$ cat target.cif   # mmCIF, C-alpha atoms
data_run
loop_
_atom_site.group_PDB
_atom_site.id
_atom_site.type_symbol
_atom_site.label_atom_id
_atom_site.label_comp_id
_atom_site.auth_asym_id
_atom_site.auth_seq_id
_atom_site.Cartn_x
_atom_site.Cartn_y
_atom_site.Cartn_z
ATOM 1 C CA MET A 1 95.053 107.838 30.916
ATOM 2 C CA HIS A 2 96.787 110.973 32.212
ATOM 3 C CA SER A 3 99.800 110.513 34.510
ATOM 4 C CA CYS A 4 100.778 112.942 37.299
ATOM 5 C CA PRO A 5 103.745 115.210 36.563
ATOM 6 C CA GLY A 6 106.840 115.097 38.718
ATOM 7 C CA SER A 7 107.892 112.385 41.194
ATOM 8 C CA LEU A 8 107.306 111.827 44.933
ATOM 9 C CA ARG A 9 109.900 113.048 47.320
ATOM 10 C CA LYS A 10 110.677 111.622 50.726
ATOM 11 C CA GLY A 11 108.671 112.873 53.699
ATOM 12 C CA GLN A 12 105.007 113.371 54.554
ATOM 13 C CA THR A 13 104.848 116.957 53.283
ATOM 14 C CA ALA A 14 106.211 115.960 49.922
ATOM 15 C CA VAL A 15 103.686 113.109 49.652
ATOM 16 C CA VAL A 16 100.742 115.380 50.477
ATOM 17 C CA SER A 17 101.967 117.988 48.012
ATOM 18 C CA SER A 18 102.315 115.423 45.244
ATOM 19 C CA VAL A 19 98.829 114.043 45.909
ATOM 20 C CA LEU A 20 97.340 117.531 45.775
ATOM 21 C CA LEU A 21 99.273 118.368 42.610
ATOM 22 C CA CYS A 22 98.144 115.149 40.938
ATOM 23 C CA SER A 23 94.507 115.765 41.921
ATOM 24 C CA LEU A 24 94.572 119.291 40.530
ATOM 25 C CA PHE A 25 96.137 118.056 37.293
ATOM 26 C CA LEU A 26 93.510 115.359 36.750
ATOM 27 C CA PHE A 27 90.690 117.693 37.833
ATOM 28 C CA SER A 28 91.845 120.314 35.320
ATOM 29 C CA ASN A 29 92.074 117.830 32.450
ATOM 30 C CA PHE A 30 88.651 116.397 33.265
ATOM 31 C CA PHE A 31 86.935 119.786 32.928
ATOM 32 C CA LYS A 32 89.025 120.670 29.866
ATOM 33 C CA ALA A 33 87.802 117.489 28.156
ATOM 34 C CA ALA A 34 84.245 118.212 29.303
ATOM 35 C CA ARG A 35 84.393 121.696 27.788
ATOM 36 C CA ILE A 36 85.746 120.323 24.506
ATOM 37 C CA GLU A 37 83.046 117.660 24.385
ATOM 38 C CA GLU A 38 80.348 120.244 25.127
ATOM 39 C CA ASN A 39 81.570 122.441 22.270
ATOM 40 C CA VAL A 40 81.664 119.534 19.834
ATOM 41 C CA VAL A 41 78.070 118.595 20.635
ATOM 42 C CA HIS A 42 76.972 122.200 20.324
ATOM 43 C CA LEU A 43 78.661 122.740 16.965
ATOM 44 C CA SER A 44 77.501 119.515 15.359
ATOM 45 C CA LYS A 45 73.948 119.523 16.694
ATOM 46 C CA PRO A 46 71.216 120.248 14.087
ATOM 47 C CA SER A 47 69.118 123.357 14.727
ATOM 48 C CA VAL A 48 65.866 121.423 15.189
ATOM 49 C CA SER A 49 66.452 117.788 16.076
ATOM 50 C CA VAL A 50 68.631 114.801 15.332
ATOM 51 C CA VAL A 51 68.469 113.711 11.698
ATOM 52 C CA SER A 52 67.429 110.148 10.961
ATOM 53 C CA THR A 53 67.307 108.378 7.636
ATOM 54 C CA GLU A 54 64.384 106.298 8.870
ATOM 55 C CA ASP A 55 60.788 107.502 9.106
ATOM 56 C CA ASN A 56 60.156 108.777 12.619
ATOM 57 C CA ILE A 57 56.394 109.165 12.419
ATOM 58 C CA VAL A 58 54.068 107.156 10.195
ATOM 59 C CA LEU A 59 50.559 108.528 9.713
ATOM 60 C CA PRO A 60 47.817 105.903 10.184
ATOM 61 C CA ASP A 61 45.052 105.022 7.750
ATOM 62 C CA VAL A 62 42.066 107.296 7.137
ATOM 63 C CA ALA A 63 39.748 105.335 9.441
ATOM 64 C CA VAL A 64 42.185 105.652 12.334
ATOM 65 C CA LEU A 65 42.703 109.371 11.709
ATOM 66 C CA ARG A 66 38.942 109.965 11.719
ATOM 67 C CA ASN A 67 38.660 108.376 15.167
ATOM 68 C CA LEU A 68 41.345 110.507 16.791
ATOM 69 C CA SER A 69 40.384 113.007 19.455
ATOM 70 C CA GLU A 70 41.254 116.652 18.812
ATOM 71 C CA THR A 71 44.116 116.414 21.311
ATOM 72 C CA GLN A 72 45.476 113.262 19.672
ATOM 73 C CA ALA A 73 45.200 114.805 16.203
ATOM 74 C CA LEU A 74 46.951 117.982 17.367
ATOM 75 C CA ASP A 75 49.819 116.037 18.966
ATOM 76 C CA LEU A 76 50.220 113.894 15.855
ATOM 77 C CA TYR A 77 50.271 116.974 13.627
ATOM 78 C CA HIS A 78 53.046 118.654 15.614
ATOM 79 C CA ASN A 79 55.069 115.450 16.004
ATOM 80 C CA TYR A 80 54.848 114.630 12.310
ATOM 81 C CA LEU A 81 55.944 118.075 11.116
ATOM 82 C CA SER A 82 58.822 117.987 13.625
ATOM 83 C CA SER A 83 60.177 114.700 12.276
ATOM 84 C CA PHE A 84 62.786 113.911 9.631
ATOM 85 C CA GLN A 85 62.223 111.268 6.984
ATOM 86 C CA ALA A 86 65.188 111.683 4.641
ATOM 87 C CA LEU A 87 68.830 112.646 4.990
ATOM 88 C CA CYS A 88 70.212 115.494 2.882
ATOM 89 C CA HIS A 89 73.938 116.052 3.355
ATOM 90 C CA ARG A 90 74.005 119.493 1.771
ATOM 91 C CA VAL A 91 71.131 121.702 2.865
ATOM 92 C CA VAL A 92 71.533 125.249 1.516
ATOM 93 C CA ARG A 93 69.622 128.239 2.846
ATOM 94 C CA VAL A 94 68.597 130.194 -0.247
ATOM 95 C CA GLY A 95 67.572 133.789 0.468
ATOM 96 C CA HIS A 96 67.582 135.414 3.887
ATOM 97 C CA LEU A 97 68.902 133.413 6.824
ATOM 98 C CA THR A 98 65.812 134.451 8.765
ATOM 99 C CA ASP A 99 62.195 134.563 7.572
ATOM 100 C CA GLY A 100 62.086 134.723 3.777
ATOM 101 C CA GLY A 101 64.843 132.209 3.084
ATOM 102 C CA TRP A 102 64.186 128.541 2.319
ATOM 103 C CA ASP A 103 66.162 125.332 2.806
ATOM 104 C CA VAL A 104 66.927 123.494 -0.430
ATOM 105 C CA CYS A 105 68.688 120.133 -0.815
ATOM 106 C CA PHE A 106 71.749 120.196 -3.078
ATOM 107 C CA ASP A 107 72.489 116.482 -2.928
ATOM 108 C CA LYS A 108 72.345 114.599 -6.203
ATOM 109 C CA PRO A 109 69.868 113.852 -7.730
ATOM 110 C CA TRP A 110 67.752 116.614 -6.114
ATOM 111 C CA GLN A 111 69.944 119.663 -6.563
ATOM 112 C CA PRO A 112 68.551 122.259 -8.998
ATOM 113 C CA LYS A 113 69.692 121.463 -12.533
ATOM 114 C CA THR A 114 72.470 123.539 -14.053
ATOM 115 C CA LYS A 115 70.435 123.738 -17.263
ATOM 116 C CA ASP A 116 66.683 124.217 -17.617
ATOM 117 C CA CYS A 117 66.169 124.760 -13.859
ATOM 118 C CA LEU A 118 62.573 125.825 -13.132
ATOM 119 C CA VAL A 119 61.277 127.270 -9.848
ATOM 120 C CA TYR A 120 57.749 128.349 -8.924
ATOM 121 C CA SER A 121 57.475 130.688 -5.954
ATOM 122 C CA PHE A 122 54.033 131.366 -4.478
ATOM 123 C CA GLY A 123 53.837 134.077 -1.819
ATOM 124 C CA ILE A 124 56.265 136.997 -2.012
ATOM 125 C CA ALA A 125 54.937 139.916 0.079
ATOM 126 C CA LYS A 126 57.962 142.224 0.190
ATOM 127 C CA ASP A 127 60.698 139.596 0.345
ATOM 128 C CA TRP A 128 62.327 138.653 -2.963
ATOM 129 C CA SER A 129 65.492 137.164 -1.449
ATOM 130 C CA PHE A 130 64.704 133.520 -2.297
ATOM 131 C CA ASP A 131 63.567 134.282 -5.838
ATOM 132 C CA ASP A 132 66.474 136.603 -6.590
ATOM 133 C CA ASP A 133 69.150 134.311 -5.119
ATOM 134 C CA ILE A 134 68.026 131.058 -6.715
ATOM 135 C CA SER A 135 67.886 132.821 -10.083
ATOM 136 C CA SER A 136 71.108 134.866 -9.920
ATOM 137 C CA ILE A 137 73.311 132.364 -8.054
ATOM 138 C CA TYR A 138 71.985 129.081 -9.422
ATOM 139 C CA GLY A 139 70.663 130.220 -12.806
ATOM 140 C CA CYS A 140 67.067 129.057 -12.351
ATOM 141 C CA GLU A 141 64.075 130.387 -14.252
ATOM 142 C CA VAL A 142 61.710 131.690 -11.550
ATOM 143 C CA HIS A 143 58.017 132.483 -11.775
ATOM 144 C CA SER A 144 56.847 134.440 -8.725
ATOM 145 C CA TYR A 145 53.168 134.748 -7.808
ATOM 146 C CA ASP A 146 51.427 136.997 -5.302
ATOM 147 C CA PRO A 147 48.086 138.792 -5.767
ATOM 148 C CA SER A 148 48.673 140.877 -2.618
ATOM 149 C CA VAL A 149 51.649 142.681 -4.169
ATOM 150 C CA TRP A 150 50.652 145.837 -6.004
ATOM 151 C CA GLY A 151 51.669 146.011 -9.632
ATOM 152 C CA GLU A 152 51.065 144.399 -12.987
ATOM 153 C CA ASP A 153 52.758 141.323 -14.399
ATOM 154 C CA HIS A 154 56.340 142.154 -15.278
ATOM 155 C CA ARG A 155 59.826 140.773 -15.757
ATOM 156 C CA ARG A 156 61.700 141.573 -12.559
ATOM 157 C CA SER A 157 65.138 140.486 -13.794
ATOM 158 C CA GLN A 158 66.764 138.356 -16.461
ATOM 159 C CA ARG A 159 65.379 135.105 -14.985
ATOM 160 C CA VAL A 160 62.545 136.222 -12.661
ATOM 161 C CA TRP A 161 58.969 136.870 -13.845
ATOM 162 C CA PHE A 162 56.288 138.307 -11.544
ATOM 163 C CA HIS A 163 52.629 137.320 -11.931
ATOM 164 C CA HIS A 164 49.888 139.235 -10.122
ATOM 165 C CA GLN A 165 47.893 136.063 -9.407
ATOM 166 C CA GLY A 166 47.455 133.612 -6.579
ATOM 167 C CA LEU A 167 47.465 129.847 -6.004
ATOM 168 C CA ASP A 168 44.422 128.000 -4.702
ATOM 169 C CA GLY A 169 42.474 124.753 -4.955
ATOM 170 C CA GLU A 170 40.289 126.007 -7.813
ATOM 171 C CA ASP A 171 40.213 128.705 -10.483
ATOM 172 C CA HIS A 172 38.157 131.602 -9.160
ATOM 173 C CA VAL A 173 38.119 135.278 -8.305
ATOM 174 C CA LYS A 174 38.520 135.954 -4.606
ATOM 175 C CA VAL A 175 36.532 138.984 -3.432
ATOM 176 C CA PHE A 176 37.112 140.519 0.000
ATOM 177 C CA SER A 177 37.082 143.814 1.857
ATOM 178 C CA ALA A 178 40.355 145.462 2.839
ATOM 179 C CA ARG A 179 40.916 148.417 5.125
ATOM 180 C CA THR A 180 42.743 151.391 3.603
ATOM 181 C CA LYS A 181 45.330 153.578 5.350
ATOM 182 C CA LYS A 182 42.617 156.195 5.938
ATOM 183 C CA GLY A 183 40.451 153.686 7.806
ATOM 184 C CA SER A 184 37.828 153.089 5.152
ATOM 185 C CA THR A 185 37.095 149.739 3.506
ATOM 186 C CA LYS A 186 37.650 148.885 -0.115
ATOM 187 C CA THR A 187 36.586 145.839 -2.096
ATOM 188 C CA ARG A 188 39.504 143.956 -3.613
ATOM 189 C CA THR A 189 39.626 141.067 -6.028
ATOM 190 C CA TRP A 190 42.348 138.476 -6.515
ATOM 191 C CA GLN A 191 42.603 136.128 -9.465
ATOM 192 C CA MET A 192 43.333 132.628 -8.146
ATOM 193 C CA TYR A 193 44.427 129.591 -10.147
ATOM 194 C CA THR A 194 45.331 125.958 -9.622
ATOM 195 C CA LEU A 195 48.850 124.762 -10.406
ATOM 196 C CA PHE A 196 47.506 122.929 -13.449
ATOM 197 C CA THR A 197 46.048 126.123 -14.926
ATOM 198 C CA ILE A 198 49.235 128.056 -14.200
ATOM 199 C CA LYS A 199 51.495 125.469 -15.834
ATOM 200 C CA LYS A 200 49.148 125.192 -18.796
ATOM 201 C CA THR A 201 49.121 128.985 -19.263
ATOM 202 C CA LEU A 202 52.934 129.092 -19.195
ATOM 203 C CA ARG A 203 53.136 126.021 -21.454
ATOM 204 C CA HIS A 204 55.055 124.183 -18.747
ATOM 205 C CA LEU A 205 52.892 121.047 -18.438
ATOM 206 C CA SER A 206 55.715 118.818 -19.640
ATOM 207 C CA ARG A 207 58.455 120.617 -17.692
ATOM 208 C CA GLU A 208 59.880 119.384 -14.412
ATOM 209 C CA ILE A 209 59.801 121.793 -11.460
ATOM 210 C CA ASP A 210 63.067 121.777 -9.517
ATOM 211 C CA VAL A 211 61.687 123.654 -6.500
ATOM 212 C CA LEU A 212 58.050 124.468 -5.745
ATOM 213 C CA LYS A 213 57.864 127.037 -2.940
ATOM 214 C CA ILE A 214 54.524 127.807 -1.254
ATOM 215 C CA ASP A 215 53.932 130.384 1.480
ATOM 216 C CA ILE A 216 50.344 131.553 1.038
ATOM 217 C CA GLU A 217 48.908 131.916 4.543
ATOM 218 C CA GLY A 218 46.602 128.894 4.759
ATOM 219 C CA SER A 219 45.689 128.480 1.087
ATOM 220 C CA GLU A 220 48.414 125.844 0.810
ATOM 221 C CA TRP A 221 45.961 123.197 2.055
ATOM 222 C CA PRO A 222 43.332 123.421 -0.716
ATOM 223 C CA ALA A 223 46.062 124.070 -3.290
ATOM 224 C CA LEU A 224 47.992 120.935 -2.279
ATOM 225 C CA ALA A 225 44.811 118.862 -2.147
ATOM 226 C CA ASN A 226 44.098 119.860 -5.747
ATOM 227 C CA MET A 227 47.671 119.093 -6.838
ATOM 228 C CA LEU A 228 47.480 115.632 -5.285
ATOM 229 C CA ASN A 229 44.108 114.883 -6.845
ATOM 230 C CA THR A 230 45.291 115.979 -10.306
ATOM 231 C CA ASN A 231 48.742 114.347 -10.073
ATOM 232 C CA MET A 232 50.473 117.709 -10.522
ATOM 233 C CA LEU A 233 53.254 116.893 -8.041
ATOM 234 C CA SER A 234 54.650 113.908 -9.928
ATOM 235 C CA ASN A 235 57.261 116.059 -11.683
ATOM 236 C CA VAL A 236 58.149 118.259 -8.678
ATOM 237 C CA ARG A 237 61.602 117.368 -7.336
ATOM 238 C CA GLN A 238 61.522 119.505 -4.167
ATOM 239 C CA LEU A 239 58.588 121.027 -2.329
ATOM 240 C CA VAL A 240 59.075 123.706 0.350
ATOM 241 C CA VAL A 241 55.968 124.859 2.198
ATOM 242 C CA GLU A 242 55.000 126.925 5.206
ATOM 243 C CA PHE A 243 52.082 125.103 6.814
ATOM 244 C CA HIS A 244 49.536 127.124 8.792
ATOM 245 C CA LEU A 245 47.164 125.597 11.333
ATOM 246 C CA GLU A 246 43.623 126.421 12.389
ATOM 247 C CA SER A 247 41.798 124.896 15.328
ATOM 248 C CA GLY A 248 39.052 122.288 15.126
ATOM 249 C CA LYS A 249 39.279 118.496 14.955
ATOM 250 C CA ASN A 250 37.861 118.075 11.436
ATOM 251 C CA ASN A 251 40.229 120.723 10.177
ATOM 252 C CA LEU A 252 43.171 118.902 11.779
ATOM 253 C CA VAL A 253 42.203 115.520 10.358
ATOM 254 C CA ASP A 254 41.841 116.986 6.863
ATOM 255 C CA LYS A 255 45.352 118.407 7.129
ATOM 256 C CA LEU A 256 46.755 115.100 8.366
ATOM 257 C CA LEU A 257 45.123 113.378 5.394
ATOM 258 C CA ILE A 258 46.866 115.779 3.000
ATOM 259 C CA LEU A 259 50.192 115.149 4.742
ATOM 260 C CA LYS A 260 49.592 111.404 4.419
ATOM 261 C CA GLN A 261 48.828 111.823 0.710
ATOM 262 C CA LEU A 262 52.094 113.725 0.276
ATOM 263 C CA TYR A 263 53.949 110.870 1.953
ATOM 264 C CA ASP A 264 52.175 108.271 -0.185
ATOM 265 C CA ALA A 265 53.120 110.306 -3.278
ATOM 266 C CA GLY A 266 56.794 109.910 -2.317
ATOM 267 C CA PHE A 267 57.563 113.204 -0.560
ATOM 268 C CA ARG A 268 59.908 112.935 2.435
ATOM 269 C CA ILE A 269 60.766 115.643 4.964
ATOM 270 C CA PHE A 270 64.489 116.446 4.981
ATOM 271 C CA ASN A 271 64.315 119.686 6.942
ATOM 272 C CA THR A 272 61.845 121.290 9.313
ATOM 273 C CA SER A 273 61.864 124.576 11.173
ATOM 274 C CA ARG A 274 59.376 126.686 13.089
ATOM 275 C CA ASN A 275 58.427 130.247 12.242
ATOM 276 C CA MET A 276 58.791 131.775 15.699
ATOM 277 C CA LYS A 277 56.556 134.705 14.760
ATOM 278 C CA CYS A 278 53.613 132.321 14.562
ATOM 279 C CA HIS A 279 52.377 130.599 17.720
ATOM 280 C CA ASP A 280 49.109 130.038 19.544
ATOM 281 C CA GLU A 281 49.018 131.449 23.069
ATOM 282 C CA THR A 282 45.682 129.686 23.669
ATOM 283 C CA ASP A 283 47.453 126.318 23.539
ATOM 284 C CA ASN A 284 47.556 126.025 27.327
ATOM 285 C CA VAL A 285 49.412 122.726 27.284
ATOM 286 C CA LYS A 286 52.525 123.530 25.251
ATOM 287 C CA ASN A 287 52.075 127.002 23.701
ATOM 288 C CA ARG A 288 53.286 125.411 20.474
ATOM 289 C CA ASN A 289 54.272 127.033 17.252
ATOM 290 C CA TYR A 290 51.595 126.905 14.567
ATOM 291 C CA CYS A 291 53.628 127.648 11.448
ATOM 292 C CA TYR A 292 56.106 125.080 10.148
ATOM 293 C CA GLU A 293 58.499 125.612 7.252
ATOM 294 C CA ILE A 294 58.911 122.139 5.763
ATOM 295 C CA SER A 295 61.283 121.029 3.001
ATOM 296 C CA PHE A 296 60.418 117.841 1.112
ATOM 297 C CA LEU A 297 62.276 115.918 -1.550
ATOM 298 C CA LEU A 298 60.626 113.475 -3.917
ATOM 299 C CA LYS A 299 61.846 109.974 -3.154
ATOM 300 C CA THR A 300 63.569 108.359 -6.139
#
$ encode --input "target.cif" --output "structure tokens"
Amino acid sequence: MHSCPGSLRKGQTAVVSSVLLCSLFLFSNFFKAARIEENVVHLSKPSVSVVSTEDNIVLPDVAVLRNLSETQALDLYHNYLSSFQALCHRVVRVGHLTDGGWDVCFDKPWQPKTKDCLVYSFGIAKDWSFDDDISSIYGCEVHSYDPSVWGEDHRRSQRVWFHHQGLDGEDHVKVFSARTKKGSTKTRTWQMYTLFTIKKTLRHLSREIDVLKIDIEGSEWPALANMLNTNMLSNVRQLVVEFHLESGKNNLVDKLLILKQLYDAGFRIFNTSRNMKCHDETDNVKNRNYCYEISFLLKT
């Protein structure tokens, strides 16, 4: 409790002056404390929401998911990917602070190993910041995949290898038409593989993956479904994914089922953020973001 400075003097004027002085003193300290408290909350507040060590959202069984309306499924999707399910005390942004960087947990036992660290990075475009930093700073062996990047397979640096291939839910050649700079169309082909085929080709089937990063513009859904069905995520310690959404109830339910399978396989969300470049203006209710960058750790 603050006390008023000075002492009362005799006389009405002195009393009024002391009362005013005391009021100003207390008023000033009240707002000073309020400003301090506001700054503390601002500095300690997480960027997305309050972290909880308990599961915030639990996805229901398949039968319940199938009976959801499109609106219910959409709300559940956004709420689930905005929730936290595990507490990581040391979350490190590896790569750019903005788009291109990824949040990795450096708590034991999930931090990348100091020896024999292995990282798979699917989806590069023109941003190598994550791959370069996790290899040069933390000494990880990195295999980077992107069929959209021009160039042959090559060794980018001492610990980074580039592969001109893509990740998908099956092994196949993807054929599509692309527009050239001159306005004409050209047929392009991409070689796509499952994670099993990729690990087998690299002779990594028995190796543990410290971080599996996936940013492949919608192909993450069939790729993850295949990984879950073939048990290829059992030796992945951290999974960081950008999830992309398309409209349609059946599409939403299928995605929720994959998220439920990830949870059942032991993967817990420890960090979530929204890619602000990706939102749906046709969502008249909330104009929500439709790309989530999610970091999972495998529950021990």
$ atom_distance --input "target.cif" --atom1 "CA of Lys255 in chain A" --atom2 "CA of Ser144 in chain A"
25.3 Å
$ resolve_selection --input "target.cif" --expression "the PyMOL selection byres ((chain A and resi 205) around 12)" --output "list in words"
Leu195, Phe196, Thr197, Ile198, Lys199, Lys200, Thr201, Leu202, Arg203, His204, Ser206, Arg207, Glu208, Ile209, Asn231, Met232, Leu233, Ser234, Asn235 and Val236 of chain A
$ closest_residue --input "target.cif" --among "A:Thr230, A:Ser273, A:Asn67, A:Gln165" --to "Phe122 in chain A" --atoms "all atoms listed in the file"
A:Gln165
$ resolve_selection --input "target.cif" --expression "the PyMOL selection byres ((chain A and resi 168) around 10)" --output "PDB file with C-alpha atoms, keeping the file's coordinate frame"
ATOM      1  CA  GLN A 165      47.893 136.063  -9.407  1.00  0.00           C
ATOM      2  CA  GLY A 166      47.455 133.612  -6.579  1.00  0.00           C
ATOM      3  CA  LEU A 167      47.465 129.847  -6.004  1.00  0.00           C
ATOM      4  CA  GLY A 169      42.474 124.753  -4.955  1.00  0.00           C
ATOM      5  CA  GLU A 170      40.289 126.007  -7.813  1.00  0.00           C
ATOM      6  CA  ASP A 171      40.213 128.705 -10.483  1.00  0.00           C
ATOM      7  CA  HIS A 172      38.157 131.602  -9.160  1.00  0.00           C
ATOM      8  CA  LYS A 174      38.520 135.954  -4.606  1.00  0.00           C
ATOM      9  CA  GLN A 191      42.603 136.128  -9.465  1.00  0.00           C
ATOM     10  CA  MET A 192      43.333 132.628  -8.146  1.00  0.00           C
ATOM     11  CA  TYR A 193      44.427 129.591 -10.147  1.00  0.00           C
ATOM     12  CA  THR A 194      45.331 125.958  -9.622  1.00  0.00           C
ATOM     13  CA  LEU A 195      48.850 124.762 -10.406  1.00  0.00           C
ATOM     14  CA  ILE A 216      50.344 131.553   1.038  1.00  0.00           C
ATOM     15  CA  GLY A 218      46.602 128.894   4.759  1.00  0.00           C
ATOM     16  CA  SER A 219      45.689 128.480   1.087  1.00  0.00           C
ATOM     17  CA  GLU A 220      48.414 125.844   0.810  1.00  0.00           C
ATOM     18  CA  TRP A 221      45.961 123.197   2.055  1.00  0.00           C
ATOM     19  CA  PRO A 222      43.332 123.421  -0.716  1.00  0.00           C
ATOM     20  CA  ALA A 223      46.062 124.070  -3.290  1.00  0.00           C
ATOM     21  CA  LEU A 224      47.992 120.935  -2.279  1.00  0.00           C
ATOM     22  CA  ALA A 225      44.811 118.862  -2.147  1.00  0.00           C
ATOM     23  CA  ASN A 226      44.098 119.860  -5.747  1.00  0.00           C
ATOM     24  CA  MET A 227      47.671 119.093  -6.838  1.00  0.00           C
TER      25      MET A 227
END
$ resolve_selection --input "target.cif" --expression "the PyMOL selection byres ((chain A and resi 213) around 7)" --output "count of residues only"
10
$ atom_distance --input "target.cif" --atom1 "CA of Ile294 in chain A" --atom2 "CA of Asn79 in chain A"
12.8 Å
$ residues_near_point --input "target.cif" --point "(48.0, 111.6, 8.8)" --cutoff "12 Å" --atoms "all atoms listed in the file" --output "MDAnalysis selection string"
chainID A and resid 57:68 72:81 252:264
$ residues_around --input "target.cif" --residues "range 110-116 of chain A" --least-positions-apart "6" --cutoff "8 Å" --atoms "only C-alpha atoms" --output "list in words"
Val104, Tyr138, Gly139, Cys140, Glu141, Asp210, Val211, Arg237, Gln238 and Leu297 of chain A
$ axis_aligned_box --input "target.cif" --around "range 172-185 of chain A" --padding-each-side "4 Å" --output "lines of an AutoDock Vina configuration file"
center_x = 40.9
center_y = 143.9
center_z = -0.7
size_x = 16.8
size_y = 32.6
size_z = 25.0
$ atom_distance --input "target.cif" --atom1 "CA of Asp127 in chain A" --atom2 "CA of Leu87 in chain A"
28.5 Å
$ closest_residue --input "target.cif" --among "A:Ser83, A:Ser184, A:Ser69, A:Thr189" --to "Ser148 in chain A" --atoms "only C-alpha atoms"
A:Thr189
$ closest_residue --input "target.cif" --among "A:His244, A:Arg159, A:Gln85, A:His96" --to "Val119 in chain A" --atoms "all atoms listed in the file"
A:Arg159
$ closest_residue --input "target.cif" --among "A:Phe176, A:Phe84, A:Trp161, A:Tyr290" --to "Ser135 in chain A" --atoms "all atoms listed in the file"
A:Trp161
$ closest_residue --input "target.cif" --among "A:Cys291, A:Val173, A:Leu228, A:Ile137" --to "Thr272 in chain A" --atoms "all atoms listed in the file"
A:Cys291
$ closest_residue --input "target.cif" --among "A:Leu97, A:Trp190, A:Thr185, A:Asp131" --to "Phe162 in chain A" --atoms "all atoms listed in the file"
A:Asp131
